[in-house]
Amino acid sequence: MRILITGPSSFSGSFFIEALSKAGHEVVTTLTKTQSCYHGIRLQRLQKSMQYATVHEQICFGDEQFIELVHRESFDVFCHHGAWTESYNSMNYDFEKAFANNTRSMNRVCQILAANGCQKIIVSGSIFAECEEPFSPYGSVKRLTTQTTTFYGTHFGMHVSSFVIPNPFGPLDNPKLIHYLSTEWSANRIPSIRTPEYIRDNIPITLLALGFVHWVEQCPSTVGVSSFKPSGYISTMEDFIQRVAQVFRGA
């Protein structure tokens with residue numbers, strides 16, 4: 001299949017692009033800036049994506065360049081993965097700017113995609129949006145983004161499916177729990193965990209990427225709505241850390 005996906009410099013996006021390409025699909029992706037604007041880990045992710053996809057630079061979702069791209073080229077699947085993530089885990093998350101960026105020209109985009117033969121849209125959702133009452137601005141924006149995409153996508157005869165992402169971990173991730181644990185253990189210090197009973201659904205990024213490919217391929221192509229919710233290690237933080245510790249001890 002010919003697949004258009006946004007978010008090539010994101011952690012999960014770079015692995016999704018690699019997995020889609022290795023599964024035999026032709027992948028096209030859009031980059032909001034030029035490659036020279038990226039540094040550090042985001043540049044590493046982008047370079048990874050560039051190995052497996054055709055990258056169009058300086059195109060934001062829904063802007064005139066994006067409209068021109070979907071009008072000029074045809075795609076079997078559109079994966080709406082890129083999203084506004086600046087300060088996503090803070091109450092200072094810019095709700096209005098994020099929603100505007102995630103849904104810009106959604107009506108026109110869906111209309112043109114459908115007219116050019118696109119049959120399905122995969123929207124990357126979040127566990128932060130799955131709660132009955134989203135507990136963060138980021139979760140609320142993700143839910144509204146999915147609802148907006150679903151409304152216009154189904155209106156123009158496509159299937160719209162939400163791919164709900166739990167908590168992936170692995171290479172090229174931002175420094176988080178496992179980075180902290182490895183740093184502390186390497187220095188012979190005991191890590192301090194403030195919320196040992198907090199339950200999370202942690203999943204290796206490579207496994208999540210295989211799940212993404214599976215759903216891109218198996219998701220219905222008839223008009224309608226669906227969702228896919230992959231899962232990994234559902235456990236308390238304490239239990240997950242014990243699992244990680246066992247791997248470190250065996251390394």
# chains A, B, ... in the order shown; residues from 1 in each chain; ligands from 1

call {"tool": "closest_atom_pairs", "arguments": {"of": "stretch 124-205 of chain A", "to": "stretch 5-13 of chain A", "cutoff": "7 Å", "atoms": "only C-alpha atoms", "output": "CSV"}}
result
residue,atom,partner,partner_atom,distance
A:Leu172,CA,A:Phe11,CA,6.3
A:Asp173,CA,A:Phe11,CA,5.7
A:Ile205,CA,A:Ser12,CA,6.8

call {"tool": "write_last_selection", "arguments": {"atoms": "C-alpha atoms", "output": "compact mmCIF listing (two decimals), in the first residue's frame"}}
result
# COMPACT_ATOMS: atom_id res chain seq x y z
CA LEU A 172 15.55 6.91 20.76
CA ASP A 173 13.02 7.72 23.49
CA ILE A 205 8.37 0.36 20.88

call {"tool": "residues_around", "arguments": {"residues": "A:Val70", "least_positions_apart": "3", "cutoff": "9 Å", "atoms": "only C-alpha atoms", "output": "PyMOL selection string"}}
result
chain A and resi 4+65-67+73-75+109+112-113+116

call {"tool": "residues_around", "arguments": {"residues": "stretch 30-35 of chain A", "least_positions_apart": "4", "cutoff": "6 Å", "atoms": "only C-alpha atoms", "output": "list in words"}}
result
Thr6, Val55, His56, Glu57, Gln58, Ile59 and Cys60 of chain A

call {"tool": "write_last_selection", "arguments": {"atoms": "N, CA, C and O atoms", "output": "compact mmCIF listing (two decimals), in the first residue's frame"}}
result
# COMPACT_ATOMS: atom_id res chain seq x y z
N THR A 6 2.26 11.36 9.15
CA THR A 6 2.89 12.56 9.71
C THR A 6 3.67 12.17 10.97
O THR A 6 3.47 11.11 11.54
N VAL A 55 10.55 11.87 2.32
CA VAL A 55 10.25 12.95 3.27
C VAL A 55 10.07 14.27 2.54
O VAL A 55 10.95 14.70 1.80
N HIS A 56 8.93 14.90 2.76
CA HIS A 56 8.67 16.24 2.21
C HIS A 56 8.83 17.25 3.35
O HIS A 56 8.10 17.19 4.35
N GLU A 57 9.79 18.15 3.21
CA GLU A 57 10.10 19.09 4.27
C GLU A 57 9.22 20.34 4.22
O GLU A 57 8.65 20.67 3.21
N GLN A 58 9.15 21.01 5.36
CA GLN A 58 8.45 22.28 5.53
C GLN A 58 6.97 22.19 5.12
O GLN A 58 6.46 23.05 4.41
N ILE A 59 6.33 21.15 5.58
CA ILE A 59 4.89 20.98 5.33
C ILE A 59 4.20 20.67 6.66
O ILE A 59 4.57 19.70 7.34
N CYS A 60 3.24 21.47 7.03
CA CYS A 60 2.46 21.24 8.24
C CYS A 60 1.10 20.66 7.86
O CYS A 60 0.55 21.00 6.79

call {"tool": "residues_around", "arguments": {"residues": "A:Thr150", "least_positions_apart": "4", "cutoff": "6 Å", "atoms": "only C-alpha atoms", "output": "PDB file with all heavy atoms, in the first residue's frame"}}
result
ATOM      1  N   THR A 146      -9.394  13.166  17.300  1.00  0.00           N
ATOM      2  CA  THR A 146      -9.958  11.924  16.779  1.00  0.00           C
ATOM      3  C   THR A 146     -11.407  12.123  16.355  1.00  0.00           C
ATOM      4  O   THR A 146     -11.834  11.662  15.286  1.00  0.00           O
ATOM      5  CB  THR A 146      -9.876  10.807  17.834  1.00  0.00           C
ATOM      6  OG1 THR A 146      -8.499  10.560  18.148  1.00  0.00           O
ATOM      7  CG2 THR A 146     -10.511   9.518  17.326  1.00  0.00           C
ATOM      8  N   THR A 154     -15.433   9.971   7.796  1.00  0.00           N
ATOM      9  CA  THR A 154     -16.588   9.127   7.471  1.00  0.00           C
ATOM     10  C   THR A 154     -17.571   9.860   6.568  1.00  0.00           C
ATOM     11  O   THR A 154     -18.231   9.237   5.731  1.00  0.00           O
ATOM     12  CB  THR A 154     -17.299   8.666   8.752  1.00  0.00           C
ATOM     13  OG1 THR A 154     -17.660   9.812   9.555  1.00  0.00           O
ATOM     14  CG2 THR A 154     -16.408   7.751   9.574  1.00  0.00           C
ATOM     15  N   VAL A 160     -12.403   5.396   9.499  1.00  0.00           N
ATOM     16  CA  VAL A 160     -11.507   6.099  10.417  1.00  0.00           C
ATOM     17  C   VAL A 160     -11.339   5.255  11.671  1.00  0.00           C
ATOM     18  O   VAL A 160     -12.317   4.873  12.315  1.00  0.00           O
ATOM     19  CB  VAL A 160     -12.044   7.497  10.790  1.00  0.00           C
ATOM     20  CG1 VAL A 160     -11.059   8.195  11.727  1.00  0.00           C
ATOM     21  CG2 VAL A 160     -12.264   8.337   9.534  1.00  0.00           C
TER      22      VAL A 160
END

call {"tool": "residues_around", "arguments": {"residues": "A:Lys22", "least_positions_apart": "4", "cutoff": "9 Å", "atoms": "only C-alpha atoms", "output": "list in words"}}
result
Ile17, Glu18 and Tyr52 of chain A

call {"tool": "closest_atom_pairs", "arguments": {"of": "stretch 8-118 of chain A", "to": "stretch 214-227 of chain A", "cutoff": "9 Å", "atoms": "only C-alpha atoms", "output": "tab-separated table"}}
result
residue	atom	partner	partner_atom	distance
A:Leu20	CA	A:Val216	CA	8.7
A:Val77	CA	A:Val216	CA	7.6
A:Cys79	CA	A:Val216	CA	8.4

call {"tool": "residues_around", "arguments": {"residues": "A:Ile203", "least_positions_apart": "6", "cutoff": "12 Å", "atoms": "only C-alpha atoms", "output": "PyMOL selection string"}}
result
chain A and resi 12+165-170+209-211+229-235+240

call {"tool": "closest_residue", "arguments": {"among": "A:Gln51, A:Gln119, A:Ser124, A:Ser36", "to": "A:Arg2", "atoms": "only C-alpha atoms"}}
result
A:Gln119

call {"tool": "select_by_dssp", "arguments": {"residues": "stretch 42-78 of chain A", "states": "alpha helix (DSSP H)", "output": "mmCIF file with N, CA, C and O atoms, in the first residue's frame"}}
result
data_model
loop_
_atom_site.group_PDB
_atom_site.id
_atom_site.type_symbol
_atom_site.label_atom_id
_atom_site.label_comp_id
_atom_site.auth_asym_id
_atom_site.auth_seq_id
_atom_site.Cartn_x
_atom_site.Cartn_y
_atom_site.Cartn_z
ATOM 1 N N ARG A 42 15.956 14.082 18.267
ATOM 2 C CA ARG A 42 14.950 14.264 17.215
ATOM 3 C C ARG A 42 15.586 14.142 15.827
ATOM 4 O O ARG A 42 14.958 13.615 14.900
ATOM 5 N N LEU A 43 16.819 14.588 15.691
ATOM 6 C CA LEU A 43 17.529 14.427 14.419
ATOM 7 C C LEU A 43 17.807 12.948 14.161
ATOM 8 O O LEU A 43 17.676 12.478 13.022
ATOM 9 N N GLN A 44 18.174 12.211 15.189
ATOM 10 C CA GLN A 44 18.420 10.776 15.025
ATOM 11 C C GLN A 44 17.156 10.054 14.560
ATOM 12 O O GLN A 44 17.211 9.184 13.687
ATOM 13 N N ARG A 45 16.006 10.434 15.143
ATOM 14 C CA ARG A 45 14.746 9.822 14.715
ATOM 15 C C ARG A 45 14.446 10.172 13.263
ATOM 16 O O ARG A 45 14.028 9.319 12.476
ATOM 17 N N LEU A 46 14.653 11.431 12.917
ATOM 18 C CA LEU A 46 14.381 11.880 11.553
ATOM 19 C C LEU A 46 15.275 11.135 10.559
ATOM 20 O O LEU A 46 14.810 10.695 9.503
ATOM 21 N N GLN A 47 16.542 11.013 10.888
ATOM 22 C CA GLN A 47 17.460 10.298 10.003
ATOM 23 C C GLN A 47 17.038 8.849 9.838
ATOM 24 O O GLN A 47 17.176 8.275 8.760
ATOM 25 N N LYS A 48 16.516 8.259 10.890
ATOM 26 C CA LYS A 48 15.987 6.898 10.812
ATOM 27 C C LYS A 48 14.802 6.853 9.851
ATOM 28 O O LYS A 48 14.725 5.982 8.971
ATOM 29 N N SER A 49 13.880 7.815 9.976
ATOM 30 C CA SER A 49 12.705 7.865 9.102
ATOM 31 C C SER A 49 13.097 8.062 7.647
ATOM 32 O O SER A 49 12.491 7.491 6.737
ATOM 33 N N MET A 50 14.133 8.869 7.426
ATOM 34 C CA MET A 50 14.551 9.171 6.053
ATOM 35 C C MET A 50 15.128 7.951 5.338
ATOM 36 O O MET A 50 15.190 7.919 4.116
ATOM 37 N N GLN A 51 15.538 6.943 6.105
ATOM 38 C CA GLN A 51 16.025 5.708 5.495
ATOM 39 C C GLN A 51 14.887 4.896 4.883
ATOM 40 O O GLN A 51 15.107 4.085 3.984
ATOM 41 N N TYR A 52 13.661 5.117 5.396
ATOM 42 C CA TYR A 52 12.551 4.241 5.030
ATOM 43 C C TYR A 52 11.378 4.950 4.368
ATOM 44 O O TYR A 52 10.408 4.300 3.992
ATOM 45 N N GLU A 64 -1.305 24.787 2.911
ATOM 46 C CA GLU A 64 -1.482 24.724 1.464
ATOM 47 C C GLU A 64 -0.543 23.708 0.814
ATOM 48 O O GLU A 64 -0.900 23.057 -0.168
ATOM 49 N N GLN A 65 0.668 23.568 1.358
ATOM 50 C CA GLN A 65 1.605 22.586 0.812
ATOM 51 C C GLN A 65 1.100 21.161 1.048
ATOM 52 O O GLN A 65 1.253 20.281 0.195
ATOM 53 N N PHE A 66 0.481 20.951 2.204
ATOM 54 C CA PHE A 66 -0.083 19.626 2.496
ATOM 55 C C PHE A 66 -1.266 19.348 1.574
ATOM 56 O O PHE A 66 -1.395 18.244 1.026
ATOM 57 N N ILE A 67 -2.107 20.342 1.394
ATOM 58 C CA ILE A 67 -3.247 20.207 0.489
ATOM 59 C C ILE A 67 -2.769 19.870 -0.919
ATOM 60 O O ILE A 67 -3.322 18.992 -1.606
ATOM 61 N N GLU A 68 -1.710 20.545 -1.348
ATOM 62 C CA GLU A 68 -1.164 20.298 -2.688
ATOM 63 C C GLU A 68 -0.634 18.869 -2.801
ATOM 64 O O GLU A 68 -0.819 18.200 -3.824
ATOM 65 N N LEU A 69 0.027 18.383 -1.737
ATOM 66 C CA LEU A 69 0.581 17.030 -1.745
ATOM 67 C C LEU A 69 -0.516 15.976 -1.894
ATOM 68 O O LEU A 69 -0.406 15.071 -2.740
ATOM 69 N N VAL A 70 -1.575 16.064 -1.088
ATOM 70 C CA VAL A 70 -2.626 15.039 -1.156
ATOM 71 C C VAL A 70 -3.465 15.183 -2.424
ATOM 72 O O VAL A 70 -4.127 14.231 -2.851
ATOM 73 N N HIS A 71 -3.438 16.366 -3.011
ATOM 74 C CA HIS A 71 -4.130 16.564 -4.286
ATOM 75 C C HIS A 71 -3.306 15.990 -5.445
ATOM 76 O O HIS A 71 -3.859 15.390 -6.372
ATOM 77 N N ARG A 72 -1.990 16.131 -5.344
ATOM 78 C CA ARG A 72 -1.089 15.701 -6.419
ATOM 79 C C ARG A 72 -0.841 14.191 -6.393
ATOM 80 O O ARG A 72 -0.698 13.553 -7.442
#
